[in-house]
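Encoded as structure tokens, the structure appears first; notes follow it.
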Amino acid sequence: MKSEHLAAFENVRGQIGCCGIWCGSCPVGNGSLRKLTAKYEEVLHSHGLEHWAPEDLDYGEFVRALGVVKRVASCAGCRKGGGRDNCELRSCCESKAVRDCLECAERSRCEHGQVLEHMRSGARAAGLLVKDVSGSSNEQLTREWEAAVRSSWPSSVLFMEEA
Ligand code: SF4
Ligand code: SF4
């Protein structure tokens, strides 16, 4: 049976957002944020941090906060109701019936151009994968990207104990 973290990845692996961001590479959507937090907590417990932590660490509060992060709901992905609330890029793609902004004939004069570039460059800066080429096969692209995230930090943590 798949872990809840891998189930989160399965949910977003096929989703390339309307702006071109691959949800499968986002730690909040693909489950790696929660898994990293859980593994980090395991290490702290197994090494008895509570017995030797600096006095100015409120250990109980620290553990409570880790628990909160572990329970952060996974984003459902751009195509399944996740992502930005009321995203103008997604609405615009839907209204123009284009798969994504890369395939939009009006991109060069897009009224949302600043938001679009802000989201794409911000995602890249955070290590997410972003589609660059129009007309490419999304299935092929996500297969190649999956191979990349399996061996790159932080999403690689999802696949470390895969049976
Ligand atoms: S910025 Fe908008 S279009 Fe891009 S992934 Fe997020 S919700 Fe989707
Ligand atoms: S006009 Fe801009 S936001 Fe709308 S689909 Fe085209 S590129 Fe995307």
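By convention here, the chains of the structure tokens are called A, B, ... in the order presented, each chain's residues are numbered starting at 1, and ligands are numbered starting at 1 in the order presented.
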What are the nearest atom pairs, with distances in Å to one decimal, for all residues of chain A that come at most 7 Å from ligand 2, using only C-alpha atoms and all ligand atoms, set out by chain and rising residue number as a Markdown table?
| residue | atom | partner | partner_atom_place_in_ligand_line | distance |
| --- | --- | --- | --- | --- |
| A:Cys19 | CA | ligand 2 | 8 (Fe) | 6.7 |
| A:Glu88 | CA | ligand 2 | 3 (S) | 6.8 |
| A:Leu89 | CA | ligand 2 | 3 (S) | 4.2 |
| A:Cys92 | CA | ligand 2 | 4 (Fe) | 4.2 |
| A:Cys93 | CA | ligand 2 | 5 (S) | 4.0 |
| A:Lys96 | CA | ligand 2 | 5 (S) | 6.2 |
| A:Val98 | CA | ligand 2 | 5 (S) | 6.5 |
| A:Asp100 | CA | ligand 2 | 5 (S) | 6.4 |
| A:Cys101 | CA | ligand 2 | 8 (Fe) | 3.7 |
| A:Leu102 | CA | ligand 2 | 7 (S) | 6.6 |
| A:Cys104 | CA | ligand 2 | 6 (Fe) | 4.6 |
| A:Ala105 | CA | ligand 2 | 6 (Fe) | 6.7 |
| A:Glu106 | CA | ligand 2 | 6 (Fe) | 5.1 |
| A:Arg107 | CA | ligand 2 | 7 (S) | 3.9 |
| A:Cys110 | CA | ligand 2 | 2 (Fe) | 4.1 |
| A:Glu111 | CA | ligand 2 | 2 (Fe) | 6.1 |
| A:His112 | CA | ligand 2 | 3 (S) | 5.2 |
| A:Gly113 | CA | ligand 2 | 2 (Fe) | 6.0 |
| A:Leu116 | CA | ligand 2 | 3 (S) | 6.8 |
What does the file look like for those residues with C-alpha atoms, as a CSV table (one decimal), in the first residue's frame?
chain,number,residue,atom,x,y,z
A,19,CYS,CA,0.9,28.9,-15.8
A,88,GLU,CA,-6.6,34.9,-12.7
A,89,LEU,CA,-4.2,32.9,-14.8
A,92,CYS,CA,-8.1,33.2,-18.1
A,93,CYS,CA,-6.8,29.8,-19.5
A,96,LYS,CA,-9.8,31.1,-23.6
A,98,VAL,CA,-6.2,26.9,-23.8
A,100,ASP,CA,-1.9,26.5,-20.5
A,101,CYS,CA,-0.5,30.0,-21.0
A,102,LEU,CA,2.4,28.6,-23.2
A,104,CYS,CA,-2.0,31.1,-25.7
A,105,ALA,CA,-1.7,33.1,-28.8
A,106,GLU,CA,-2.1,36.3,-26.7
A,107,ARG,CA,0.7,35.7,-24.3
A,110,CYS,CA,-1.2,39.3,-21.8
A,111,GLU,CA,-2.9,41.5,-19.3
A,112,HIS,CA,-1.7,39.2,-16.5
A,113,GLY,CA,1.9,39.1,-17.8
A,116,LEU,CA,2.5,35.1,-14.8
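By only C-alpha atoms, and with residues fewer than 2 positions from Leu6 (chain A) along its chain excluded, the set lying at most 10 Å from it is Met1, Lys2, Ser3, Glu4, Ala8, Phe9, Glu10, Asn11, Asn30, Gly31, Ser32, Lys35, Leu158, Phe159 and Glu162 of chain A.
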| request: Could you give me, as a list in words, the residues within 12 Å of region 41-48 of chain A, counting only C-alpha atoms and dropping anything in the same chain fewer than 5 positions from it? | output: Arg34, Lys35, Leu36, Ala53, Tyr59, Phe62, Val63, Arg64, Ala65, Leu66, Gly67, Val68, Val69 and Lys70 of chain A
Selection above as a file: C-alpha atoms, as a PDB file, in the first residue's frame:
ATOM      1  CA  ARG A  34       5.097  16.594   5.569  1.00  0.00           C
ATOM      2  CA  LYS A  35       7.370  13.591   5.132  1.00  0.00           C
ATOM      3  CA  LEU A  36      10.514  15.629   5.792  1.00  0.00           C
ATOM      4  CA  ALA A  53      18.481  20.550  24.091  1.00  0.00           C
ATOM      5  CA  TYR A  59      10.876  21.624  23.546  1.00  0.00           C
ATOM      6  CA  PHE A  62       8.806  22.891  19.269  1.00  0.00           C
ATOM      7  CA  VAL A  63       7.254  19.410  19.049  1.00  0.00           C
ATOM      8  CA  ARG A  64       3.792  20.925  18.919  1.00  0.00           C
ATOM      9  CA  ALA A  65       4.825  23.144  16.004  1.00  0.00           C
ATOM     10  CA  LEU A  66       6.314  20.186  14.123  1.00  0.00           C
ATOM     11  CA  GLY A  67       2.999  18.391  14.599  1.00  0.00           C
ATOM     12  CA  VAL A  68       1.190  21.324  13.042  1.00  0.00           C
ATOM     13  CA  VAL A  69       3.437  21.235   9.965  1.00  0.00           C
ATOM     14  CA  LYS A  70       3.027  17.450   9.674  1.00  0.00           C
TER      15      LYS A  70
END
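Considering the residues A:Asn138, A:Ser25, A:Gln15, A:Ser108 and counting only C-alpha atoms, Trp153 (chain A) has its shortest atom-to-atom contact with A:Ser25.
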| message | With only C-alpha atoms as the counted atoms, please give the residues lying no more than 10 Å from Ile16 (chain A), apart from itself and same-chain residues fewer than 4 positions off, as a PyMOL selection string. | response | chain A and resi 12+20-25+77-79+99-100+129-131+138-139+141-142
Convert the current residue selection to file output with C-alpha atoms, as a CSV table (one decimal), in the first residue's frame.
chain,number,residue,atom,x,y,z
A,12,VAL,CA,-0.3,15.9,-8.4
A,20,GLY,CA,3.3,26.0,-16.5
A,21,ILE,CA,4.3,25.1,-12.9
A,22,TRP,CA,4.5,21.3,-12.3
A,23,CYS,CA,2.5,20.6,-9.1
A,24,GLY,CA,4.4,17.3,-8.8
A,25,SER,CA,7.6,19.3,-7.9
A,77,GLY,CA,-2.9,20.9,-7.3
A,78,CYS,CA,-3.9,23.6,-9.8
A,79,ARG,CA,-6.1,21.4,-11.9
A,99,ARG,CA,-4.4,24.1,-22.0
A,100,ASP,CA,-1.9,26.5,-20.5
A,129,LEU,CA,9.9,22.6,-12.4
A,130,VAL,CA,8.2,24.8,-14.9
A,131,LYS,CA,7.1,24.1,-18.5
A,138,ASN,CA,2.7,16.9,-20.9
A,139,GLU,CA,2.8,13.1,-20.3
A,141,LEU,CA,7.4,16.0,-19.7
A,142,THR,CA,6.0,14.7,-16.4
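Each of A:Ser121, A:Thr37, A:Asn86, A:Ser74 was checked against ligand 1 using only C-alpha atoms and all ligand atoms; the smallest atom-to-atom distance is that of A:Asn86.
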| request: Mind listing the strand (DSSP E or B) residues of chain A, per DSSP on the backbone, as a ChimeraX atom specification? | output: /A:16,21-22,130
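Proximity of A:Cys87, A:Cys26, A:Leu128, A:Ala73 to Val115 (chain A), computed with only C-alpha atoms, is greatest for A:Cys87.
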| said: For the structure I just gave you, how does DSSP split region 35-134 of chain A - specifically, which residues are alpha helix (DSSP H)? Reply as a PyMOL selection string. | reply: chain A and resi 35-46+49-52+59-70+88-96+113-125
| request: State, in Å with one decimal place, the distance from CA of Ser95 (chain A) to CA of Arg143 (chain A). | output: 28.3 Å
| task | To one decimal in Å, tell me the separation between CA of Gly122 (chain A) and atom 5 (S, counted along the ligand's line) of ligand 1. | result | 11.3 Å
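Taking only C-alpha atoms into account, Gly82 (chain A) lies nearest to A:Val28 out of the set A:Met160, A:Ala148, A:Met119, A:Val28.
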